[in-house]
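The next block is structure_33.pdb, given as PDB, C-alpha atoms.
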ATOM      1  CA  MET A  27       1.792   6.410   1.328  1.00  0.00           C
ATOM      2  CA  THR A  28       2.013  10.196   1.516  1.00  0.00           C
ATOM      3  CA  THR A  29       5.002  12.270   0.505  1.00  0.00           C
ATOM      4  CA  ILE A  30       5.456  13.356   4.123  1.00  0.00           C
ATOM      5  CA  ALA A  31       5.617   9.722   5.261  1.00  0.00           C
ATOM      6  CA  ILE A  32       8.212   8.878   2.591  1.00  0.00           C
ATOM      7  CA  VAL A  33      10.338  11.875   3.592  1.00  0.00           C
ATOM      8  CA  MET A  34      10.002  10.867   7.257  1.00  0.00           C
ATOM      9  CA  ILE A  35      11.112   7.281   6.541  1.00  0.00           C
ATOM     10  CA  ILE A  36      14.184   8.456   4.608  1.00  0.00           C
ATOM     11  CA  SER A  37      15.009  11.071   7.248  1.00  0.00           C
ATOM     12  CA  ALA A  38      14.655   8.474  10.020  1.00  0.00           C
ATOM     13  CA  TYR A  39      17.121   6.176   8.269  1.00  0.00           C
ATOM     14  CA  LEU A  40      19.632   8.996   7.754  1.00  0.00           C
ATOM     15  CA  LEU A  41      19.343  10.150  11.373  1.00  0.00           C
ATOM     16  CA  GLY A  42      19.717   6.550  12.536  1.00  0.00           C
ATOM     17  CA  SER A  43      22.863   6.302  10.428  1.00  0.00           C
ATOM     18  CA  VAL A  44      24.632   8.875  12.604  1.00  0.00           C
ATOM     19  CA  SER A  45      26.591   6.552  14.891  1.00  0.00           C
ATOM     20  CA  SER A  46      26.681   8.086  18.366  1.00  0.00           C
ATOM     21  CA  ALA A  47      29.113   5.472  19.677  1.00  0.00           C
ATOM     22  CA  ILE A  48      31.684   6.045  16.942  1.00  0.00           C
ATOM     23  CA  LEU A  49      31.472   9.844  17.121  1.00  0.00           C
ATOM     24  CA  ILE A  50      31.634   9.975  20.936  1.00  0.00           C
ATOM     25  CA  CYS A  51      34.569   7.552  20.967  1.00  0.00           C
ATOM     26  CA  ARG A  52      36.379   9.758  18.441  1.00  0.00           C
ATOM     27  CA  LEU A  53      35.622  12.838  20.535  1.00  0.00           C
ATOM     28  CA  LEU A  54      36.977  11.164  23.689  1.00  0.00           C
ATOM     29  CA  ARG A  55      39.946   9.639  21.815  1.00  0.00           C
ATOM     30  CA  LEU A  56      38.774   6.104  22.537  1.00  0.00           C
ATOM     31  CA  PRO A  57      39.240   3.147  20.172  1.00  0.00           C
ATOM     32  CA  ASP A  58      36.675   2.605  17.422  1.00  0.00           C
ATOM     33  CA  PRO A  59      34.038   0.410  19.123  1.00  0.00           C
ATOM     34  CA  ARG A  60      33.668  -1.610  15.919  1.00  0.00           C
ATOM     35  CA  ASP A  61      37.271  -2.803  16.212  1.00  0.00           C
ATOM     36  CA  VAL A  62      37.546  -3.715  19.910  1.00  0.00           C
ATOM     37  CA  GLY A  63      35.532  -5.343  22.665  1.00  0.00           C
ATOM     38  CA  SER A  64      32.318  -6.835  21.318  1.00  0.00           C
ATOM     39  CA  HIS A  65      32.851  -4.932  18.016  1.00  0.00           C
ATOM     40  CA  ASN A  66      29.387  -3.440  18.506  1.00  0.00           C
ATOM     41  CA  PRO A  67      29.021   0.364  18.325  1.00  0.00           C
ATOM     42  CA  GLY A  68      26.561   0.634  21.172  1.00  0.00           C
ATOM     43  CA  ALA A  69      26.342   1.817  24.776  1.00  0.00           C
ATOM     44  CA  THR A  70      27.353  -1.526  26.342  1.00  0.00           C
ATOM     45  CA  ASN A  71      30.601  -1.748  24.409  1.00  0.00           C
ATOM     46  CA  VAL A  72      31.350   1.939  25.041  1.00  0.00           C
ATOM     47  CA  LEU A  73      30.791   1.265  28.755  1.00  0.00           C
ATOM     48  CA  ARG A  74      33.641  -1.266  28.589  1.00  0.00           C
ATOM     49  CA  LEU A  75      35.843   1.122  26.613  1.00  0.00           C
ATOM     50  CA  GLY A  76      35.197   4.507  28.177  1.00  0.00           C
ATOM     51  CA  GLY A  77      33.151   4.157  31.341  1.00  0.00           C
ATOM     52  CA  LYS A  78      29.692   5.171  32.488  1.00  0.00           C
ATOM     53  CA  LYS A  79      29.607   8.797  31.294  1.00  0.00           C
ATOM     54  CA  ALA A  80      30.573   7.897  27.746  1.00  0.00           C
ATOM     55  CA  ALA A  81      28.093   5.005  27.704  1.00  0.00           C
ATOM     56  CA  LEU A  82      25.283   7.224  29.027  1.00  0.00           C
ATOM     57  CA  ALA A  83      25.973   9.813  26.322  1.00  0.00           C
ATOM     58  CA  VAL A  84      25.779   7.096  23.658  1.00  0.00           C
ATOM     59  CA  LEU A  85      22.585   5.677  25.170  1.00  0.00           C
ATOM     60  CA  LEU A  86      20.818   9.043  25.198  1.00  0.00           C
ATOM     61  CA  CYS A  87      21.902   9.955  21.669  1.00  0.00           C
ATOM     62  CA  ASP A  88      20.870   6.543  20.321  1.00  0.00           C
ATOM     63  CA  MET A  89      17.457   6.853  21.975  1.00  0.00           C
ATOM     64  CA  LEU A  90      16.942  10.312  20.470  1.00  0.00           C
ATOM     65  CA  LYS A  91      17.568   8.862  17.004  1.00  0.00           C
ATOM     66  CA  GLY A  92      14.376   6.861  17.480  1.00  0.00           C
ATOM     67  CA  THR A  93      12.362   9.419  19.423  1.00  0.00           C
ATOM     68  CA  ILE A  94      12.839  12.418  17.134  1.00  0.00           C
ATOM     69  CA  PRO A  95      11.458  10.897  13.894  1.00  0.00           C
ATOM     70  CA  VAL A  96       8.557   9.136  15.641  1.00  0.00           C
ATOM     71  CA  TRP A  97       7.566  12.289  17.569  1.00  0.00           C
ATOM     72  CA  THR A  98       7.741  14.222  14.307  1.00  0.00           C
ATOM     73  CA  GLY A  99       5.512  11.591  12.701  1.00  0.00           C
ATOM     74  CA  TYR A 100       2.982  12.107  15.490  1.00  0.00           C
ATOM     75  CA  PHE A 101       3.074  15.846  14.751  1.00  0.00           C
ATOM     76  CA  PHE A 102       2.176  15.142  11.114  1.00  0.00           C
ATOM     77  CA  ASP A 103      -0.644  12.808  12.234  1.00  0.00           C
ATOM     78  CA  ILE A 104       0.921   9.725  10.627  1.00  0.00           C
ATOM     79  CA  GLY A 105      -0.903   6.483  11.506  1.00  0.00           C
ATOM     80  CA  PRO A 106       0.430   3.670  13.736  1.00  0.00           C
ATOM     81  CA  ILE A 107       1.630   1.338  10.955  1.00  0.00           C
ATOM     82  CA  LEU A 108       3.606   4.036   9.151  1.00  0.00           C
ATOM     83  CA  LEU A 109       4.984   5.213  12.493  1.00  0.00           C
ATOM     84  CA  GLY A 110       6.210   1.651  12.931  1.00  0.00           C
ATOM     85  CA  VAL A 111       7.899   1.820   9.525  1.00  0.00           C
ATOM     86  CA  ILE A 112       9.544   5.120  10.521  1.00  0.00           C
ATOM     87  CA  ALA A 113      10.795   3.519  13.750  1.00  0.00           C
ATOM     88  CA  ILE A 114      12.146   0.541  11.799  1.00  0.00           C
ATOM     89  CA  ALA A 115      13.886   2.912   9.367  1.00  0.00           C
ATOM     90  CA  ALA A 116      15.635   4.647  12.284  1.00  0.00           C
ATOM     91  CA  CYS A 117      16.746   1.282  13.678  1.00  0.00           C
ATOM     92  CA  LEU A 118      17.922   0.082  10.262  1.00  0.00           C
ATOM     93  CA  GLY A 119      19.985   3.262  10.013  1.00  0.00           C
ATOM     94  CA  HIS A 120      21.567   2.463  13.374  1.00  0.00           C
ATOM     95  CA  MET A 121      22.204  -1.160  12.387  1.00  0.00           C
ATOM     96  CA  TYR A 122      23.384  -0.452   8.833  1.00  0.00           C
ATOM     97  CA  PRO A 123      24.581   3.191   8.808  1.00  0.00           C
ATOM     98  CA  ILE A 124      25.215   4.590   5.362  1.00  0.00           C
ATOM     99  CA  PHE A 125      27.750   7.055   6.818  1.00  0.00           C
ATOM    100  CA  PHE A 126      29.844   4.330   8.501  1.00  0.00           C
ATOM    101  CA  HIS A 127      30.167   1.586   5.889  1.00  0.00           C
ATOM    102  CA  PHE A 128      26.959  -0.138   7.071  1.00  0.00           C
ATOM    103  CA  ARG A 129      28.675  -1.406  10.248  1.00  0.00           C
ATOM    104  CA  GLY A 130      26.294  -0.500  13.049  1.00  0.00           C
ATOM    105  CA  GLY A 131      24.862  -1.613  16.359  1.00  0.00           C
ATOM    106  CA  LYS A 132      21.974  -3.758  17.554  1.00  0.00           C
ATOM    107  CA  GLY A 133      19.364  -0.983  17.673  1.00  0.00           C
ATOM    108  CA  VAL A 134      18.043  -1.568  21.198  1.00  0.00           C
ATOM    109  CA  ALA A 135      18.365   2.012  22.478  1.00  0.00           C
ATOM    110  CA  THR A 136      17.061   3.428  19.200  1.00  0.00           C
ATOM    111  CA  ALA A 137      14.071   1.084  19.372  1.00  0.00           C
ATOM    112  CA  LEU A 138      13.379   2.130  22.965  1.00  0.00           C
ATOM    113  CA  GLY A 139      13.548   5.765  21.903  1.00  0.00           C
ATOM    114  CA  ALA A 140      11.119   5.063  19.058  1.00  0.00           C
ATOM    115  CA  ILE A 141       8.662   3.327  21.385  1.00  0.00           C
ATOM    116  CA  ALA A 142       8.911   6.032  24.090  1.00  0.00           C
ATOM    117  CA  PRO A 143       6.403   8.435  22.435  1.00  0.00           C
ATOM    118  CA  ILE A 144       3.659   5.811  22.890  1.00  0.00           C
ATOM    119  CA  GLY A 145       3.642   6.662  26.579  1.00  0.00           C
ATOM    120  CA  LEU A 146       5.512   6.911  29.856  1.00  0.00           C
ATOM    121  CA  THR A 147       3.891   3.785  31.301  1.00  0.00           C
ATOM    122  CA  LEU A 148       5.113   1.605  28.437  1.00  0.00           C
ATOM    123  CA  THR A 149       8.582   3.140  28.522  1.00  0.00           C
ATOM    124  CA  SER A 150       8.795   2.572  32.277  1.00  0.00           C
ATOM    125  CA  LEU A 151       7.770  -1.080  31.922  1.00  0.00           C
ATOM    126  CA  LEU A 152      10.453  -1.653  29.291  1.00  0.00           C
ATOM    127  CA  ILE A 153      13.172   0.040  31.350  1.00  0.00           C
ATOM    128  CA  VAL A 154      12.210  -1.866  34.518  1.00  0.00           C
ATOM    129  CA  THR A 155      12.215  -5.172  32.598  1.00  0.00           C
ATOM    130  CA  TRP A 156      15.645  -4.434  31.143  1.00  0.00           C
ATOM    131  CA  LEU A 157      17.070  -3.431  34.524  1.00  0.00           C
ATOM    132  CA  MET A 158      15.652  -6.489  36.294  1.00  0.00           C
ATOM    133  CA  VAL A 159      17.239  -8.884  33.798  1.00  0.00           C
ATOM    134  CA  ILE A 160      20.552  -6.999  33.943  1.00  0.00           C
ATOM    135  CA  ILE A 161      20.592  -7.098  37.758  1.00  0.00           C
ATOM    136  CA  LEU A 162      19.617 -10.775  37.930  1.00  0.00           C
ATOM    137  CA  PHE A 163      21.704 -12.226  35.104  1.00  0.00           C
ATOM    138  CA  ARG A 164      24.275  -9.546  34.052  1.00  0.00           C
ATOM    139  CA  TYR A 165      23.775 -10.217  30.338  1.00  0.00           C
ATOM    140  CA  SER A 166      23.079  -7.098  28.276  1.00  0.00           C
ATOM    141  CA  SER A 167      21.911  -9.147  25.301  1.00  0.00           C
ATOM    142  CA  LEU A 168      19.539 -11.260  27.411  1.00  0.00           C
ATOM    143  CA  ALA A 169      18.062  -8.082  28.895  1.00  0.00           C
ATOM    144  CA  ALA A 170      17.522  -6.649  25.417  1.00  0.00           C
ATOM    145  CA  ILE A 171      16.007  -9.854  24.036  1.00  0.00           C
ATOM    146  CA  THR A 172      13.676 -10.328  27.014  1.00  0.00           C
ATOM    147  CA  THR A 173      12.553  -6.693  26.877  1.00  0.00           C
ATOM    148  CA  VAL A 174      11.747  -6.674  23.163  1.00  0.00           C
ATOM    149  CA  LEU A 175       9.921 -10.008  23.441  1.00  0.00           C
ATOM    150  CA  LEU A 176       7.679  -8.497  26.123  1.00  0.00           C
ATOM    151  CA  ALA A 177       7.297  -5.117  24.371  1.00  0.00           C
ATOM    152  CA  PRO A 178       4.359  -6.153  22.103  1.00  0.00           C
ATOM    153  CA  PHE A 179       2.515  -7.661  25.085  1.00  0.00           C
ATOM    154  CA  TYR A 180       3.025  -4.508  27.164  1.00  0.00           C
ATOM    155  CA  THR A 181       1.876  -2.390  24.211  1.00  0.00           C
ATOM    156  CA  TRP A 182      -1.240  -4.510  23.738  1.00  0.00           C
ATOM    157  CA  MET A 183      -2.164  -3.915  27.392  1.00  0.00           C
ATOM    158  CA  ILE A 184      -1.622  -0.141  27.214  1.00  0.00           C
ATOM    159  CA  LYS A 185      -2.271   1.063  23.645  1.00  0.00           C
ATOM    160  CA  PRO A 186      -3.301  -1.940  21.504  1.00  0.00           C
ATOM    161  CA  GLN A 187      -3.389   0.056  18.245  1.00  0.00           C
ATOM    162  CA  TYR A 188       0.434   0.151  18.353  1.00  0.00           C
ATOM    163  CA  THR A 189       0.919  -3.573  18.993  1.00  0.00           C
ATOM    164  CA  LEU A 190       1.671  -4.487  15.365  1.00  0.00           C
ATOM    165  CA  PRO A 191       4.316  -1.788  14.737  1.00  0.00           C
ATOM    166  CA  VAL A 192       6.001  -2.589  18.076  1.00  0.00           C
ATOM    167  CA  ALA A 193       5.950  -6.308  17.198  1.00  0.00           C
ATOM    168  CA  MET A 194       7.569  -5.484  13.827  1.00  0.00           C
ATOM    169  CA  LEU A 195      10.286  -3.547  15.620  1.00  0.00           C
ATOM    170  CA  SER A 196      10.785  -6.359  18.130  1.00  0.00           C
ATOM    171  CA  CYS A 197      11.264  -8.930  15.339  1.00  0.00           C
ATOM    172  CA  LEU A 198      13.984  -6.748  13.812  1.00  0.00           C
ATOM    173  CA  ILE A 199      15.843  -6.466  17.136  1.00  0.00           C
ATOM    174  CA  ILE A 200      15.585 -10.225  17.768  1.00  0.00           C
ATOM    175  CA  PHE A 201      16.962 -10.926  14.284  1.00  0.00           C
ATOM    176  CA  ARG A 202      19.897  -8.596  14.953  1.00  0.00           C
ATOM    177  CA  HIS A 203      20.684 -10.559  18.145  1.00  0.00           C
ATOM    178  CA  HIS A 204      20.877 -14.001  16.495  1.00  0.00           C
ATOM    179  CA  LYS A 205      24.594 -14.356  17.302  1.00  0.00           C
ATOM    180  CA  ASN A 206      24.000 -13.352  20.915  1.00  0.00           C
ATOM    181  CA  ILE A 207      21.199 -15.909  21.189  1.00  0.00           C
ATOM    182  CA  ARG A 208      23.536 -18.630  19.955  1.00  0.00           C
ATOM    183  CA  ARG A 209      26.244 -17.606  22.439  1.00  0.00           C
ATOM    184  CA  LEU A 210      23.715 -17.515  25.277  1.00  0.00           C
ATOM    185  CA  LEU A 211      22.634 -21.074  24.427  1.00  0.00           C
ATOM    186  CA  GLU A 212      26.273 -22.179  24.242  1.00  0.00           C
ATOM    187  CA  GLY A 213      27.174 -20.414  27.499  1.00  0.00           C
ATOM    188  CA  THR A 214      29.844 -18.248  25.832  1.00  0.00           C
ATOM    189  CA  GLU A 215      28.104 -14.858  25.946  1.00  0.00           C
ATOM    190  CA  PRO A 216      30.133 -12.392  28.067  1.00  0.00           C
ATOM    191  CA  LYS A 217      28.413 -10.723  30.997  1.00  0.00           C
ATOM    192  CA  ILE A 218      28.193  -6.946  31.180  1.00  0.00           C
ATOM    193  CA  SER A 219      30.987  -6.781  33.767  1.00  0.00           C
ATOM    194  CA  GLN A 220      33.355  -8.873  31.655  1.00  0.00           C
ATOM    195  CA  LYS A 221      35.860  -7.697  29.090  1.00  0.00           C
ATOM    196  CA  ASN A 222      35.681  -9.300  25.647  1.00  0.00           C
TER     197      ASN A 222
END

Would you write out, as structure tokens, the structure that this file holds?
Amino acid sequence: MTTIAIVMIISAYLLGSVSSAILICRLLRLPDPRDVGSHNPGATNVLRLGGKKAALAVLLCDMLKGTIPVWTGYFFDIGPILLGVIAIAACLGHMYPIFFHFRGGKGVATALGAIAPIGLTLTSLLIVTWLMVIILFRYSSLAAITTVLLAPFYTWMIKPQYTLPVAMLSCLIIFRHHKNIRRLLEGTEPKISQKN
């Protein structure tokens, strides 16, 4: 592993550790998203707390946390596997942020942002999948889980050399949603339009 790759992995984790949801909620004088609602500092919980504009700002910032380090890795000609490690580092920063007592989100938007540099077609497929599940079932977690399960398959169809790193990222996101999966099976998972 090169020095540049090591620096990129560390930088990706630190950038991921900047919690957009917490900072935007502080800026808008909203409650800490870790203490109310679903207790998840992510766009869905901010949507419940502060509305669409606040949630959109969180979504875009969280995506950029994944896109910036992966795009930079492309610039330095880092290979697919190490790019996958960089993407995972950004998501781990979002999930376990060193700047916010390791209490972070689920990493879905950051993962999408990290996958986006692979190509517009793949990104579009992921967004359409997420939207379709949201529209049909109204479960944010189910949309995320379904999308990341399909992400490696989509990648294999479009740019197969990135299938393994995307699969690694997908496994991480699925692991982070283990509580949501249990609630979905039990029928207790709140829909996106419901308050927690």

Could you spell out the hits of the PyMOL selection byres ((chain A and resi 213-215) around 12) on the shown file, as a PyMOL selection string? chain A and resi 64+163-168+203-212+216-222

Let me know the residues the PyMOL selection byres ((chain A and resi 41) around 9) catches in the file above, as a CSV table (one decimal) with C-alpha atoms, in the frame of the given file.
chain,number,residue,atom,x,y,z
A,36,ILE,CA,14.2,8.5,4.6
A,37,SER,CA,15.0,11.1,7.2
A,38,ALA,CA,14.7,8.5,10.0
A,39,TYR,CA,17.1,6.2,8.3
A,40,LEU,CA,19.6,9.0,7.8
A,42,GLY,CA,19.7,6.6,12.5
A,43,SER,CA,22.9,6.3,10.4
A,44,VAL,CA,24.6,8.9,12.6
A,45,SER,CA,26.6,6.6,14.9
A,91,LYS,CA,17.6,8.9,17.0
A,92,GLY,CA,14.4,6.9,17.5
A,94,ILE,CA,12.8,12.4,17.1
A,95,PRO,CA,11.5,10.9,13.9
A,116,ALA,CA,15.6,4.6,12.3
A,119,GLY,CA,20.0,3.3,10.0
A,120,HIS,CA,21.6,2.5,13.4

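For the pair CA of Ala135 in chain A and CA of Gly68 in chain A, the interatomic distance is 8.4 Å.
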
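The space separating CA of Ala31 in chain A from CA of Ile107 in chain A comes to 10.9 Å.
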
So for range 152-159 of chain A, what box centre and size do we get, axis-aligned, 8 Å extra on each of the six sides, every listed atom, Å to one decimal, as AutoDock Vina command-line options?
--center_x 13.8 --center_y -4.4 --center_z 32.8 --size_x 22.8 --size_y 24.9 --size_z 23.0

Hey, can you pull every residue with an atom no more than 10 Å from (-0.3, 1.7, 24.7), using all atoms listed in the file, and send it as a list in words? Ile141, Pro143, Ile144, Gly145, Leu146, Thr147, Leu148, Thr149, Pro178, Phe179, Tyr180, Thr181, Trp182, Met183, Ile184, Lys185, Pro186, Gln187, Tyr188 and Thr189 of chain A

Complete range 79-90 of chain A at the level of all heavy atoms, written as an mmCIF file, in the frame of the given file.
data_model
loop_
_atom_site.group_PDB
_atom_site.id
_atom_site.type_symbol
_atom_site.label_atom_id
_atom_site.label_comp_id
_atom_site.auth_asym_id
_atom_site.auth_seq_id
_atom_site.Cartn_x
_atom_site.Cartn_y
_atom_site.Cartn_z
ATOM 1 N N LYS A 79 30.020 7.525 31.900
ATOM 2 C CA LYS A 79 29.607 8.797 31.294
ATOM 3 C C LYS A 79 29.551 8.692 29.771
ATOM 4 O O LYS A 79 28.601 9.171 29.139
ATOM 5 C CB LYS A 79 30.548 9.923 31.722
ATOM 6 C CG LYS A 79 30.405 10.311 33.188
ATOM 7 C CD LYS A 79 31.316 11.464 33.550
ATOM 8 C CE LYS A 79 31.159 11.845 35.024
ATOM 9 N NZ LYS A 79 32.073 12.963 35.402
ATOM 10 N N ALA A 80 30.558 8.071 29.197
ATOM 11 C CA ALA A 80 30.573 7.897 27.746
ATOM 12 C C ALA A 80 29.415 7.007 27.293
ATOM 13 O O ALA A 80 28.737 7.300 26.302
ATOM 14 C CB ALA A 80 31.904 7.295 27.302
ATOM 15 N N ALA A 81 29.179 5.925 28.047
ATOM 16 C CA ALA A 81 28.093 5.005 27.704
ATOM 17 C C ALA A 81 26.740 5.688 27.813
ATOM 18 O O ALA A 81 25.854 5.482 26.969
ATOM 19 C CB ALA A 81 28.143 3.779 28.613
ATOM 20 N N LEU A 82 26.550 6.511 28.841
ATOM 21 C CA LEU A 82 25.283 7.224 29.027
ATOM 22 C C LEU A 82 25.044 8.202 27.880
ATOM 23 O O LEU A 82 23.915 8.329 27.388
ATOM 24 C CB LEU A 82 25.283 7.969 30.361
ATOM 25 C CG LEU A 82 24.004 8.738 30.712
ATOM 26 C CD1 LEU A 82 22.810 7.796 30.776
ATOM 27 C CD2 LEU A 82 24.171 9.486 32.026
ATOM 28 N N ALA A 83 26.102 8.880 27.448
ATOM 29 C CA ALA A 83 25.973 9.813 26.322
ATOM 30 C C ALA A 83 25.550 9.075 25.057
ATOM 31 O O ALA A 83 24.674 9.532 24.318
ATOM 32 C CB ALA A 83 27.306 10.537 26.094
ATOM 33 N N VAL A 84 26.145 7.909 24.822
ATOM 34 C CA VAL A 84 25.779 7.096 23.658
ATOM 35 C C VAL A 84 24.333 6.628 23.761
ATOM 36 O O VAL A 84 23.567 6.704 22.801
ATOM 37 C CB VAL A 84 26.730 5.883 23.513
ATOM 38 C CG1 VAL A 84 26.228 4.922 22.442
ATOM 39 C CG2 VAL A 84 28.137 6.349 23.175
ATOM 40 N N LEU A 85 23.948 6.164 24.952
ATOM 41 C CA LEU A 85 22.585 5.677 25.170
ATOM 42 C C LEU A 85 21.554 6.758 24.867
ATOM 43 O O LEU A 85 20.571 6.517 24.147
ATOM 44 C CB LEU A 85 22.443 5.189 26.610
ATOM 45 C CG LEU A 85 21.058 4.678 27.018
ATOM 46 C CD1 LEU A 85 20.713 3.413 26.259
ATOM 47 C CD2 LEU A 85 21.006 4.430 28.526
ATOM 48 N N LEU A 86 21.768 7.952 25.402
ATOM 49 C CA LEU A 86 20.818 9.043 25.198
ATOM 50 C C LEU A 86 20.735 9.459 23.731
ATOM 51 O O LEU A 86 19.647 9.668 23.191
ATOM 52 C CB LEU A 86 21.196 10.243 26.074
ATOM 53 C CG LEU A 86 21.039 10.031 27.583
ATOM 54 C CD1 LEU A 86 21.562 11.241 28.351
ATOM 55 C CD2 LEU A 86 19.586 9.762 27.947
ATOM 56 N N CYS A 87 21.884 9.572 23.086
ATOM 57 C CA CYS A 87 21.902 9.955 21.669
ATOM 58 C C CYS A 87 21.225 8.892 20.797
ATOM 59 O O CYS A 87 20.472 9.224 19.874
ATOM 60 C CB CYS A 87 23.337 10.189 21.196
ATOM 61 S SG CYS A 87 24.104 11.673 21.878
ATOM 62 N N ASP A 88 21.494 7.622 21.096
ATOM 63 C CA ASP A 88 20.870 6.543 20.321
ATOM 64 C C ASP A 88 19.360 6.521 20.516
ATOM 65 O O ASP A 88 18.597 6.259 19.572
ATOM 66 C CB ASP A 88 21.475 5.191 20.714
ATOM 67 C CG ASP A 88 22.851 4.963 20.107
ATOM 68 O OD1 ASP A 88 23.266 5.768 19.254
ATOM 69 O OD2 ASP A 88 23.509 3.972 20.484
ATOM 70 N N MET A 89 18.896 6.787 21.726
ATOM 71 C CA MET A 89 17.457 6.853 21.975
ATOM 72 C C MET A 89 16.818 8.001 21.201
ATOM 73 O O MET A 89 15.744 7.846 20.609
ATOM 74 C CB MET A 89 17.177 7.004 23.466
ATOM 75 C CG MET A 89 17.409 5.737 24.273
ATOM 76 S SD MET A 89 17.053 5.959 26.035
ATOM 77 C CE MET A 89 15.275 6.218 25.985
ATOM 78 N N LEU A 90 17.478 9.150 21.186
ATOM 79 C CA LEU A 90 16.942 10.312 20.470
ATOM 80 C C LEU A 90 16.802 10.044 18.978
ATOM 81 O O LEU A 90 15.899 10.584 18.330
ATOM 82 C CB LEU A 90 17.837 11.536 20.704
ATOM 83 C CG LEU A 90 17.709 12.197 22.082
ATOM 84 C CD1 LEU A 90 18.764 13.278 22.253
ATOM 85 C CD2 LEU A 90 16.302 12.780 22.264
#
